[in-house]
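*Asks:* Got query.cif for you, mmCIF, C-alpha atoms; chains and numbers go by the auth columns:
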data_start
#
loop_
_atom_site.group_PDB
_atom_site.id
_atom_site.type_symbol
_atom_site.label_atom_id
_atom_site.label_comp_id
_atom_site.label_asym_id
_atom_site.label_seq_id
_atom_site.Cartn_x
_atom_site.Cartn_y
_atom_site.Cartn_z
_atom_site.B_iso_or_equiv
_atom_site.auth_seq_id
_atom_site.auth_asym_id
ATOM 1 C CA MET A 1 74.643 36.203 107.123 0.00 9 A
ATOM 2 C CA ILE A 2 73.823 39.729 108.166 0.00 10 A
ATOM 3 C CA ARG A 3 72.020 42.460 106.251 0.00 11 A
ATOM 4 C CA ILE A 4 73.605 45.907 106.001 0.00 12 A
ATOM 5 C CA CYS A 5 71.595 49.017 105.064 0.00 13 A
ATOM 6 C CA TYR A 6 72.951 52.451 104.135 0.00 14 A
ATOM 7 C CA PHE A 7 71.093 55.751 104.323 0.00 15 A
ATOM 8 C CA ALA A 8 71.196 59.353 103.103 0.00 16 A
ATOM 9 C CA SER A 9 74.599 60.745 102.013 0.00 17 A
ATOM 10 C CA LEU A 10 76.296 57.421 102.832 0.00 18 A
ATOM 11 C CA ARG A 11 73.855 55.521 100.577 0.00 19 A
ATOM 12 C CA GLU A 12 74.567 57.977 97.765 0.00 20 A
ATOM 13 C CA GLN A 13 78.327 57.901 98.205 0.00 21 A
ATOM 14 C CA LEU A 14 78.432 54.090 98.251 0.00 22 A
ATOM 15 C CA ALA A 15 75.730 53.811 95.574 0.00 23 A
ATOM 16 C CA LEU A 16 74.205 51.019 97.652 0.00 24 A
ATOM 17 C CA VAL A 17 70.923 50.726 99.554 0.00 25 A
ATOM 18 C CA GLU A 18 71.607 47.392 101.234 0.00 26 A
ATOM 19 C CA GLU A 19 73.609 44.198 100.923 0.00 27 A
ATOM 20 C CA PRO A 20 73.693 40.727 102.469 0.00 28 A
ATOM 21 C CA LEU A 21 77.078 39.852 103.954 0.00 29 A
ATOM 22 C CA ALA A 22 78.604 36.731 105.450 0.00 30 A
ATOM 23 C CA LEU A 23 80.006 38.025 108.738 0.00 31 A
ATOM 24 C CA PRO A 24 83.763 38.226 108.045 0.00 32 A
ATOM 25 C CA ARG A 25 85.964 35.996 110.226 0.00 33 A
ATOM 26 C CA GLY A 26 87.021 37.805 113.385 0.00 34 A
ATOM 27 C CA VAL A 27 84.340 40.514 113.164 0.00 35 A
ATOM 28 C CA ARG A 28 82.401 40.615 116.430 0.00 36 A
ATOM 29 C CA ASP A 29 81.178 44.170 116.846 0.00 37 A
ATOM 30 C CA VAL A 30 80.178 47.378 115.076 0.00 38 A
ATOM 31 C CA ALA A 31 83.714 48.802 115.053 0.00 39 A
ATOM 32 C CA GLY A 32 85.056 45.549 113.587 0.00 40 A
ATOM 33 C CA LEU A 33 82.435 45.514 110.844 0.00 41 A
ATOM 34 C CA ARG A 34 83.090 49.142 109.970 0.00 42 A
ATOM 35 C CA ALA A 35 86.833 48.399 109.718 0.00 43 A
ATOM 36 C CA ALA A 36 86.158 45.356 107.505 0.00 44 A
ATOM 37 C CA LEU A 37 84.013 47.467 105.143 0.00 45 A
ATOM 38 C CA ARG A 38 86.613 50.233 105.140 0.00 46 A
ATOM 39 C CA ALA A 39 89.201 47.646 104.058 0.00 47 A
ATOM 40 C CA ARG A 40 87.346 47.312 100.735 0.00 48 A
ATOM 41 C CA GLY A 41 89.207 50.497 99.846 0.00 49 A
ATOM 42 C CA GLY A 42 88.239 53.284 97.448 0.00 50 A
ATOM 43 C CA VAL A 43 84.937 54.952 98.234 0.00 51 A
ATOM 44 C CA TRP A 44 84.448 52.593 101.210 0.00 52 A
ATOM 45 C CA ALA A 45 87.653 53.740 102.874 0.00 53 A
ATOM 46 C CA GLU A 46 86.594 57.327 102.311 0.00 54 A
ATOM 47 C CA ALA A 47 82.938 57.097 103.377 0.00 55 A
ATOM 48 C CA LEU A 48 83.655 55.035 106.507 0.00 56 A
ATOM 49 C CA ALA A 49 86.951 56.731 107.466 0.00 57 A
ATOM 50 C CA GLU A 50 87.442 56.994 111.225 0.00 58 A
ATOM 51 C CA SER A 51 87.358 60.786 110.952 0.00 59 A
ATOM 52 C CA ARG A 52 83.854 60.716 109.444 0.00 60 A
ATOM 53 C CA PRO A 53 80.866 60.984 111.795 0.00 61 A
ATOM 54 C CA VAL A 54 79.035 57.756 110.922 0.00 62 A
ATOM 55 C CA LEU A 55 76.290 56.369 113.160 0.00 63 A
ATOM 56 C CA CYS A 56 75.232 52.738 113.374 0.00 64 A
ATOM 57 C CA ALA A 57 72.091 50.869 114.360 0.00 65 A
ATOM 58 C CA VAL A 58 71.864 47.149 115.114 0.00 66 A
ATOM 59 C CA ASN A 59 68.409 45.638 114.685 0.00 67 A
ATOM 60 C CA GLN A 60 66.995 49.160 114.383 0.00 68 A
ATOM 61 C CA VAL A 61 68.384 50.443 117.690 0.00 69 A
ATOM 62 C CA MET A 62 71.259 52.983 117.883 0.00 70 A
ATOM 63 C CA ALA A 63 74.496 51.115 118.638 0.00 71 A
ATOM 64 C CA ARG A 64 77.916 52.082 119.961 0.00 72 A
ATOM 65 C CA PRO A 65 81.164 50.838 118.371 0.00 73 A
ATOM 66 C CA GLY A 66 81.514 48.071 120.951 0.00 74 A
ATOM 67 C CA GLN A 67 78.053 46.616 120.353 0.00 75 A
ATOM 68 C CA ALA A 68 78.178 42.918 119.403 0.00 76 A
ATOM 69 C CA ILE A 69 76.995 41.745 115.983 0.00 77 A
ATOM 70 C CA ALA A 70 75.735 38.223 115.329 0.00 78 A
ATOM 71 C CA ASP A 71 74.376 36.194 112.426 0.00 79 A
ATOM 72 C CA GLY A 72 70.908 37.321 111.376 0.00 80 A
ATOM 73 C CA ASP A 73 71.347 40.914 112.530 0.00 81 A
ATOM 74 C CA GLU A 74 70.226 43.937 110.536 0.00 82 A
ATOM 75 C CA VAL A 75 72.983 46.547 110.697 0.00 83 A
ATOM 76 C CA ALA A 76 72.640 50.083 109.331 0.00 84 A
ATOM 77 C CA PHE A 77 75.218 52.814 108.781 0.00 85 A
ATOM 78 C CA PHE A 78 74.190 56.446 108.296 0.00 86 A
ATOM 79 C CA PRO A 79 75.279 60.063 108.873 0.00 87 A
ATOM 80 C CA PRO A 80 74.166 62.047 111.954 0.00 88 A
ATOM 81 C CA VAL A 81 70.396 62.541 111.820 0.00 89 A
ATOM 82 C CA THR A 82 68.742 65.832 110.833 0.00 90 A
ATOM 83 C CA GLY A 83 65.003 65.401 111.373 0.00 91 A
ATOM 84 C CA GLY A 84 62.533 67.612 113.187 0.00 92 A
ATOM 85 C CA MET B 1 49.140 56.699 125.341 0.00 15 B
ATOM 86 C CA PHE B 2 51.580 57.350 122.497 0.00 16 B
ATOM 87 C CA SER B 3 50.717 57.722 118.892 0.00 17 B
ATOM 88 C CA VAL B 4 53.498 58.013 116.324 0.00 18 B
ATOM 89 C CA HIS B 5 52.892 58.727 112.639 0.00 19 B
ATOM 90 C CA VAL B 6 55.493 58.948 109.876 0.00 20 B
ATOM 91 C CA GLN B 7 53.778 59.967 106.666 0.00 21 B
ATOM 92 C CA SER B 8 54.310 61.538 103.259 0.00 22 B
ATOM 93 C CA GLU B 9 50.898 63.262 103.322 0.00 23 B
ATOM 94 C CA PRO B 10 50.563 66.786 104.749 0.00 24 B
ATOM 95 C CA PHE B 11 48.806 67.063 108.129 0.00 25 B
ATOM 96 C CA ASP B 12 46.562 69.592 109.879 0.00 26 B
ATOM 97 C CA PRO B 13 48.134 70.526 113.246 0.00 27 B
ATOM 98 C CA ALA B 14 44.799 71.523 114.823 0.00 28 B
ATOM 99 C CA ALA B 15 43.153 68.270 113.786 0.00 29 B
ATOM 100 C CA GLU B 16 46.095 66.274 115.213 0.00 30 B
ATOM 101 C CA VAL B 17 45.833 68.081 118.572 0.00 31 B
ATOM 102 C CA GLU B 18 42.105 67.356 118.602 0.00 32 B
ATOM 103 C CA LEU B 19 42.786 63.641 118.085 0.00 33 B
ATOM 104 C CA LEU B 20 45.162 63.692 121.063 0.00 34 B
ATOM 105 C CA ARG B 21 42.775 65.579 123.348 0.00 35 B
ATOM 106 C CA ALA B 22 39.191 64.622 122.483 0.00 36 B
ATOM 107 C CA GLY B 23 37.406 62.255 124.841 0.00 37 B
ATOM 108 C CA ASN B 24 39.759 62.614 127.801 0.00 38 B
ATOM 109 C CA PRO B 25 38.341 65.047 130.397 0.00 39 B
ATOM 110 C CA ARG B 26 41.400 64.534 132.667 0.00 40 B
ATOM 111 C CA ILE B 27 43.494 66.630 130.265 0.00 41 B
ATOM 112 C CA GLY B 28 43.988 70.186 131.489 0.00 42 B
ATOM 113 C CA ALA B 29 46.887 71.168 129.227 0.00 43 B
ATOM 114 C CA VAL B 30 48.191 70.455 125.754 0.00 44 B
ATOM 115 C CA VAL B 31 51.589 71.773 124.642 0.00 45 B
ATOM 116 C CA ALA B 32 52.404 71.412 120.955 0.00 46 B
ATOM 117 C CA PHE B 33 55.623 72.073 119.081 0.00 47 B
ATOM 118 C CA LEU B 34 55.247 72.577 115.342 0.00 48 B
ATOM 119 C CA GLY B 35 58.393 72.473 113.187 0.00 49 B
ATOM 120 C CA LEU B 36 58.058 74.242 109.828 0.00 50 B
ATOM 121 C CA MET B 37 60.085 74.272 106.663 0.00 51 B
ATOM 122 C CA ARG B 38 61.939 77.549 106.138 0.00 52 B
ATOM 123 C CA ASP B 39 62.866 79.011 102.765 0.00 53 B
ATOM 124 C CA LEU B 40 66.384 80.038 103.828 0.00 54 B
ATOM 125 C CA SER B 41 69.288 77.811 104.847 0.00 55 B
ATOM 126 C CA ASP B 42 72.717 79.351 105.536 0.00 56 B
ATOM 127 C CA GLY B 43 71.586 82.393 103.588 0.00 57 B
ATOM 128 C CA GLU B 44 70.549 80.444 100.492 0.00 58 B
ATOM 129 C CA ARG B 45 67.051 80.135 99.079 0.00 59 B
ATOM 130 C CA VAL B 46 65.631 76.615 99.457 0.00 60 B
ATOM 131 C CA GLU B 47 63.075 75.568 96.846 0.00 61 B
ATOM 132 C CA ALA B 48 62.129 72.207 98.322 0.00 62 B
ATOM 133 C CA MET B 49 63.321 69.582 100.750 0.00 63 B
ATOM 134 C CA THR B 50 63.276 65.791 100.714 0.00 64 B
ATOM 135 C CA LEU B 51 63.135 63.879 103.978 0.00 65 B
ATOM 136 C CA GLU B 52 64.504 60.344 104.036 0.00 66 B
ATOM 137 C CA HIS B 53 64.038 57.969 106.977 0.00 67 B
ATOM 138 C CA TYR B 54 64.706 54.403 108.127 0.00 68 B
ATOM 139 C CA PRO B 55 61.312 52.673 108.013 0.00 69 B
ATOM 140 C CA GLY B 56 60.826 50.514 111.072 0.00 70 B
ATOM 141 C CA MET B 57 63.600 52.072 113.137 0.00 71 B
ATOM 142 C CA THR B 58 62.029 55.520 112.910 0.00 72 B
ATOM 143 C CA GLU B 59 58.808 54.386 114.574 0.00 73 B
ATOM 144 C CA LYS B 60 60.703 52.383 117.214 0.00 74 B
ATOM 145 C CA ALA B 61 62.959 55.341 118.022 0.00 75 B
ATOM 146 C CA LEU B 62 60.012 57.742 118.354 0.00 76 B
ATOM 147 C CA GLU B 63 58.118 55.301 120.578 0.00 77 B
ATOM 148 C CA ALA B 64 61.197 54.881 122.800 0.00 78 B
ATOM 149 C CA ILE B 65 61.488 58.677 123.147 0.00 79 B
ATOM 150 C CA CYS B 66 57.799 58.928 124.115 0.00 80 B
ATOM 151 C CA ALA B 67 58.243 56.120 126.663 0.00 81 B
ATOM 152 C CA ASP B 68 61.210 57.989 128.163 0.00 82 B
ATOM 153 C CA ALA B 69 59.118 61.160 128.533 0.00 83 B
ATOM 154 C CA ALA B 70 56.221 59.218 130.064 0.00 84 B
ATOM 155 C CA SER B 71 58.578 57.657 132.616 0.00 85 B
ATOM 156 C CA ARG B 72 59.676 61.136 133.809 0.00 86 B
ATOM 157 C CA TRP B 73 56.351 62.956 134.029 0.00 87 B
ATOM 158 C CA ALA B 74 52.669 62.131 134.577 0.00 88 B
ATOM 159 C CA LEU B 75 51.226 62.513 131.072 0.00 89 B
ATOM 160 C CA GLU B 76 47.860 61.839 129.513 0.00 90 B
ATOM 161 C CA GLY B 77 49.159 61.288 125.993 0.00 91 B
ATOM 162 C CA ILE B 78 51.707 62.129 123.289 0.00 92 B
ATOM 163 C CA ARG B 79 51.123 62.440 119.553 0.00 93 B
ATOM 164 C CA VAL B 80 54.060 62.749 117.144 0.00 94 B
ATOM 165 C CA VAL B 81 53.532 63.310 113.418 0.00 95 B
ATOM 166 C CA HIS B 82 56.555 63.602 111.092 0.00 96 B
ATOM 167 C CA ARG B 83 56.536 64.147 107.343 0.00 97 B
ATOM 168 C CA VAL B 84 58.800 62.282 104.928 0.00 98 B
ATOM 169 C CA GLY B 85 59.228 62.734 101.175 0.00 99 B
ATOM 170 C CA GLU B 86 59.116 66.102 99.453 0.00 100 B
ATOM 171 C CA LEU B 87 58.203 69.313 101.313 0.00 101 B
ATOM 172 C CA ARG B 88 57.877 72.977 100.354 0.00 102 B
ATOM 173 C CA PRO B 89 58.599 76.102 102.429 0.00 103 B
ATOM 174 C CA GLU B 90 55.939 76.910 105.068 0.00 104 B
ATOM 175 C CA GLU B 91 54.785 73.294 105.275 0.00 105 B
ATOM 176 C CA PRO B 92 54.705 71.636 108.709 0.00 106 B
ATOM 177 C CA ILE B 93 57.493 69.038 109.066 0.00 107 B
ATOM 178 C CA VAL B 94 56.841 67.766 112.564 0.00 108 B
ATOM 179 C CA LEU B 95 54.266 68.049 115.332 0.00 109 B
ATOM 180 C CA VAL B 96 54.953 66.971 118.907 0.00 110 B
ATOM 181 C CA ALA B 97 51.823 67.367 121.041 0.00 111 B
ATOM 182 C CA VAL B 98 51.774 66.394 124.712 0.00 112 B
ATOM 183 C CA ALA B 99 48.740 66.286 126.999 0.00 113 B
ATOM 184 C CA SER B 100 48.789 66.323 130.792 0.00 114 B
ATOM 185 C CA ARG B 101 46.597 67.355 133.726 0.00 115 B
ATOM 186 C CA HIS B 102 48.615 70.519 134.393 0.00 116 B
ATOM 187 C CA ARG B 103 50.844 72.542 132.092 0.00 117 B
ATOM 188 C CA GLY B 104 54.264 71.984 133.673 0.00 118 B
ATOM 189 C CA GLU B 105 54.573 68.324 132.704 0.00 119 B
ATOM 190 C CA ALA B 106 53.365 68.939 129.140 0.00 120 B
ATOM 191 C CA PHE B 107 55.825 71.827 128.581 0.00 121 B
ATOM 192 C CA ARG B 108 58.819 69.831 129.785 0.00 122 B
ATOM 193 C CA ALA B 109 57.886 66.575 128.072 0.00 123 B
ATOM 194 C CA CYS B 110 57.239 68.337 124.749 0.00 124 B
ATOM 195 C CA GLU B 111 60.690 69.916 124.813 0.00 125 B
ATOM 196 C CA LEU B 112 62.391 66.640 125.691 0.00 126 B
ATOM 197 C CA VAL B 113 60.629 64.757 122.900 0.00 127 B
ATOM 198 C CA ILE B 114 61.645 67.258 120.198 0.00 128 B
ATOM 199 C CA ASP B 115 65.204 67.524 121.561 0.00 129 B
ATOM 200 C CA TYR B 116 65.616 63.734 121.489 0.00 130 B
ATOM 201 C CA LEU B 117 63.873 63.426 118.116 0.00 131 B
ATOM 202 C CA LYS B 118 66.496 65.738 116.610 0.00 132 B
ATOM 203 C CA THR B 119 69.402 63.531 117.661 0.00 133 B
ATOM 204 C CA ARG B 120 67.949 60.000 117.936 0.00 134 B
ATOM 205 C CA ALA B 121 65.289 59.536 115.261 0.00 135 B
ATOM 206 C CA PRO B 122 66.673 58.426 111.876 0.00 136 B
ATOM 207 C CA PHE B 123 65.545 61.215 109.536 0.00 137 B
ATOM 208 C CA TRP B 124 67.760 63.018 107.023 0.00 138 B
ATOM 209 C CA LYS B 125 66.991 66.269 105.181 0.00 139 B
ATOM 210 C CA LYS B 126 68.185 67.069 101.691 0.00 140 B
ATOM 211 C CA GLU B 127 67.662 70.606 100.409 0.00 141 B
ATOM 212 C CA ARG B 128 67.080 71.636 96.818 0.00 142 B
ATOM 213 C CA LEU B 129 68.652 75.008 96.028 0.00 143 B
ATOM 214 C CA ALA B 130 68.803 76.906 92.760 0.00 144 B
ATOM 215 C CA GLY B 131 72.324 75.550 92.226 0.00 145 B
ATOM 216 C CA GLY B 132 71.654 71.902 93.107 0.00 146 B
ATOM 217 C CA GLU B 133 71.019 69.620 96.068 0.00 147 B
ATOM 218 C CA ARG B 134 72.776 69.265 99.426 0.00 148 B
ATOM 219 C CA TRP B 135 72.350 67.151 102.564 0.00 149 B
ATOM 220 C CA VAL B 136 71.680 69.153 105.711 0.00 150 B
ATOM 221 C CA GLU B 137 74.481 68.801 108.290 0.00 151 B
ATOM 222 C CA ALA B 138 73.709 67.933 111.910 0.00 152 B
ATOM 223 C CA ARG B 139 73.840 70.933 114.259 0.00 153 B
ATOM 224 C CA HIS B 140 76.112 70.870 117.282 0.00 154 B
ATOM 225 C CA GLY B 141 73.445 72.744 119.263 0.00 155 B
ATOM 226 C CA ASP B 142 71.094 69.772 118.885 0.00 156 B
ATOM 227 C CA SER B 143 73.518 67.506 120.763 0.00 157 B
ATOM 228 C CA GLU B 144 73.815 70.090 123.527 0.00 158 B
ATOM 229 C CA ALA B 145 70.026 70.321 123.759 0.00 159 B
ATOM 230 C CA GLU B 146 69.868 66.533 124.084 0.00 160 B
ATOM 231 C CA ALA B 147 72.641 66.349 126.676 0.00 161 B
ATOM 232 C CA ARG B 148 70.975 68.687 129.147 0.00 162 B
ATOM 233 C CA TRP B 149 68.169 66.154 129.704 0.00 163 B
ATOM 234 C CA ASP B 150 70.705 63.578 130.888 0.00 164 B
ATOM 235 C CA GLN B 151 71.791 65.916 133.674 0.00 165 B
ATOM 236 C CA ARG B 152 68.371 66.692 135.101 0.00 166 B
ATOM 237 C CA SER B 153 65.767 64.107 135.923 0.00 167 B
ATOM 238 C CA ASP B 154 62.878 66.489 136.526 0.00 168 B
ATOM 239 C CA GLY B 155 63.544 68.853 133.656 0.00 169 B
ATOM 240 C CA ALA B 156 63.709 71.807 136.053 0.00 170 B
#
Could you quickly redo this structure as structure tokens?

*Replies:*
Amino acid sequence: MIRICYFASLREQLALVEEPLALPRGVRDVAGLRAALRARGGVWAEALAESRPVLCAVNQVMARPGQAIADGDEVAFFPPVTGG
Amino acid sequence: MFSVHVQSEPFDPAAEVELLRAGNPRIGAVVAFLGLMRDLSDGERVEAMTLEHYPGMTEKALEAICADAASRWALEGIRVVHRVGELRPEEPIVLVAVASRHRGEAFRACELVIDYLKTRAPFWKKERLAGGERWVEARHGDSEAEARWDQRSDGA
């Protein structure tokens, strides 16, 4: 199982703060997970569309699309940050 | 060496600088950047702003940015304070204060920390306008400000 968290506009659009997920078969990295979530269709396909600037963190560290994901990881998806 | 605070309570910039500086006679310079909430955004009046963050990651990201700055310059300390929750115009949002023996290191490190904070620390601003709420969009200029530090190791 992994835990996925969503923040800011993405959290609002998906109406979801976090969810546990059994790592889908064949999903090994951030890009694969994003594609699997997108395949849920509807608002998921829209919010996580490849054209949308969505950032990801794995275990609370910024991650690139090729970063590996394993059981027990905390994965977060969010829009580009706007602090400061 | 580093002190990172993410808090919903307002802070006093002068008191924060004092906490960074007091008791260390090696410090000859403190450079502080104070980010404030403005009442205009893209020409529209902003009544209030809500700052969301990613508890846990935010602190880690800020500490990593401070460690990066400390690896480039000889510093005596860094203090970062960032508000979350609801803010009103004129309120301080963020303070980055850097102490060093001489001013050059503190100036450069302070600028790097705020540049990296803007693109790497997981904060998101939502503005409340007369007509409703909107999420603030990331600025392209922030990425450019971040990128220039990758091309120069000494900040010169």

*Asks:* I want to know what sits within 6 Å of range 117-121 of chain B, based on all atoms listed in the file, with residues of the same chain fewer than 5 positions away left out; could you give that as a list in words?

*Replies:*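 The residues satisfying every condition are Ala43, Val45, Trp87 and Val112 of chain B.
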
*Asks:* Next, the residues of the selection above should be written as a compact mmCIF listing (two decimals), keeping the file's coordinate frame with C-alpha atoms.

*Replies:*
# COMPACT_ATOMS: atom_id res chain seq x y z
CA ALA B 43 46.89 71.17 129.23
CA VAL B 45 51.59 71.77 124.64
CA TRP B 87 56.35 62.96 134.03
CA VAL B 112 51.77 66.39 124.71

*Asks:* Using all atoms listed in the file, what does the table of chain A residues within 8 Å of chain B look like, with each row giving the shortest atom pair and its distance in Å to one decimal, sorted by chain and ascending number, as JSON lines?

*Replies:*
{"residue": "A:Phe15", "atom": "CA", "partner": "B:Tyr68", "partner_atom": "CA", "distance": 7.6}
{"residue": "A:Ala16", "atom": "CA", "partner": "B:Trp138", "partner_atom": "CA", "distance": 6.4}
{"residue": "A:Ser17", "atom": "CA", "partner": "B:Trp149", "partner_atom": "CA", "distance": 6.8}
{"residue": "A:Gln68", "atom": "CA", "partner": "B:Met71", "partner_atom": "CA", "distance": 4.6}
{"residue": "A:Val69", "atom": "CA", "partner": "B:Met71", "partner_atom": "CA", "distance": 6.8}
{"residue": "A:Met70", "atom": "CA", "partner": "B:Arg134", "partner_atom": "CA", "distance": 7.8}
{"residue": "A:Pro88", "atom": "CA", "partner": "B:Ala152", "partner_atom": "CA", "distance": 5.9}
{"residue": "A:Val89", "atom": "CA", "partner": "B:Trp138", "partner_atom": "CA", "distance": 5.5}
{"residue": "A:Thr90", "atom": "CA", "partner": "B:Trp138", "partner_atom": "CA", "distance": 4.8}
{"residue": "A:Gly91", "atom": "CA", "partner": "B:Phe137", "partner_atom": "CA", "distance": 4.6}
{"residue": "A:Gly92", "atom": "CA", "partner": "B:Lys132", "partner_atom": "CA", "distance": 5.6}

*Asks:* How would you write, as a ChimeraX atom specification, the residues chosen by the PyMOL selection byres ((chain A and resi 36) around 7) on this structure?

*Replies:* /A:34-35,37,40,76-77

*Asks:* Between CA of Ala23 in chain A and CA of Ile10 in chain A, what distance in Å does the model show, to one decimal?

*Replies:*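 Taking CA of Ala23 in chain A as the start and CA of Ile10 in chain A as the end point, the length is 19.0 Å.
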
*Asks:* Compile the contact shell of Arg11 in chain A as an NGL selection string: residues with an atom at most 8 Å away, counting all atoms listed in the file, same-chain residues fewer than 2 positions apart removed.

*Replies:* :A and (9 or 13 or 26-29 or 80-83)

*Asks:* Determine, counting only C-alpha atoms, which protein, DNA and RNA residues have an atom within 7 Å of an atom of Pro103 in chain B; residues of the same chain fewer than 5 positions away are not included. Present the result as a VMD selection string.

*Replies:* chain B and resid 51 to 53 62

*Asks:* What would the selection look like, as a compact mmCIF listing (two decimals) with C-alpha atoms, keeping the file's coordinate frame, if the PyMOL selection byres ((chain B and resi 114) around 6) were run on the coordinates I just shared?

*Replies:*
# COMPACT_ATOMS: atom_id res chain seq x y z
CA ILE B 41 43.49 66.63 130.26
CA ALA B 43 46.89 71.17 129.23
CA LEU B 89 51.23 62.51 131.07
CA GLU B 90 47.86 61.84 129.51
CA ALA B 113 48.74 66.29 127.00
CA ARG B 115 46.60 67.36 133.73
CA HIS B 116 48.62 70.52 134.39
CA ALA B 120 53.36 68.94 129.14

*Asks:* Report, in Å to a single decimal, how far apart CA of Glu100 in chain B and CA of Arg19 in chain A are.

*Replies:*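 Value for the CA of Arg19 in chain A-CA of Glu100 in chain B distance: 18.2 Å.
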
*Asks:* Interatomic distance between CA of Ala71 in chain A and CA of Ser22 in chain B?

*Replies:* 27.4 Å

*Asks:* Within 8 Å of (76.2, 59.4, 109.9) (coordinates as in the file), grab all the protein and nucleic acid residues, counting all atoms listed in the file, and write them out as an NGL selection string.

*Replies:* :A and (18 or 60-64 or 85-89)

*Asks:* With a distance cut-off of 12 Å and all atoms listed in the file, select the neighbouring residues of Ala53 in chain A, excluding the residue or stretch itself and same-chain residues fewer than 5 positions from it, and output the selection as a list in words.

*Replies:*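 The filter keeps Leu18, Gln21, Leu22, Arg42, Ala43, Ala44, Leu45, Arg46, Ala47, Arg48, Glu58, Ser59 and Arg60 of chain A.
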
*Asks:* Counting only C-alpha atoms, which of B:Gly91, B:Ala46, B:His154, B:Arg59 gets nearest to Glu141 in chain B?

*Replies:*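 Of all the options, B:Arg59 lies closest to Glu141 in chain B.
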
*Asks:* Missing atoms in range 69-81 of chain A need filling: write out N, CA and C atoms for it as an mmCIF file, keeping the file's coordinate frame.

*Replies:*
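Listing of result-v9.cif after writing:
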data_model
loop_
_atom_site.group_PDB
_atom_site.id
_atom_site.type_symbol
_atom_site.label_atom_id
_atom_site.label_comp_id
_atom_site.auth_asym_id
_atom_site.auth_seq_id
_atom_site.Cartn_x
_atom_site.Cartn_y
_atom_site.Cartn_z
ATOM 1 N N VAL A 69 68.150 49.688 116.458
ATOM 2 C CA VAL A 69 68.384 50.443 117.690
ATOM 3 C C VAL A 69 69.788 51.031 117.590
ATOM 4 N N MET A 70 69.947 52.333 117.943
ATOM 5 C CA MET A 70 71.259 52.983 117.883
ATOM 6 C C MET A 70 72.291 52.141 118.632
ATOM 7 N N ALA A 71 73.481 51.987 118.046
ATOM 8 C CA ALA A 71 74.496 51.115 118.638
ATOM 9 C C ALA A 71 75.831 51.845 118.750
ATOM 10 N N ARG A 72 76.573 51.529 119.790
ATOM 11 C CA ARG A 72 77.916 52.082 119.961
ATOM 12 C C ARG A 72 78.918 51.167 119.275
ATOM 13 N N PRO A 73 80.170 51.650 119.086
ATOM 14 C CA PRO A 73 81.164 50.838 118.371
ATOM 15 C C PRO A 73 81.398 49.455 118.983
ATOM 16 N N GLY A 74 81.239 49.354 120.293
ATOM 17 C CA GLY A 74 81.514 48.071 120.951
ATOM 18 C C GLY A 74 80.349 47.098 120.943
ATOM 19 N N GLN A 75 79.232 47.497 120.359
ATOM 20 C CA GLN A 75 78.053 46.616 120.353
ATOM 21 C C GLN A 75 78.302 45.357 119.523
ATOM 22 N N ALA A 76 77.947 44.199 120.084
ATOM 23 C CA ALA A 76 78.178 42.918 119.403
ATOM 24 C C ALA A 76 77.267 42.774 118.189
ATOM 25 N N ILE A 77 77.771 42.064 117.187
ATOM 26 C CA ILE A 77 76.995 41.745 115.983
ATOM 27 C C ILE A 77 76.997 40.229 115.812
ATOM 28 N N ALA A 78 75.828 39.669 115.510
ATOM 29 C CA ALA A 78 75.735 38.223 115.329
ATOM 30 C C ALA A 78 74.971 37.909 114.050
ATOM 31 N N ASP A 79 75.086 36.660 113.617
ATOM 32 C CA ASP A 79 74.376 36.194 112.426
ATOM 33 C C ASP A 79 72.899 36.547 112.517
ATOM 34 N N GLY A 80 72.334 37.003 111.412
ATOM 35 C CA GLY A 80 70.908 37.321 111.376
ATOM 36 C C GLY A 80 70.590 38.768 111.708
ATOM 37 N N ASP A 81 71.594 39.514 112.153
ATOM 38 C CA ASP A 81 71.347 40.914 112.530
ATOM 39 C C ASP A 81 71.128 41.802 111.307
#
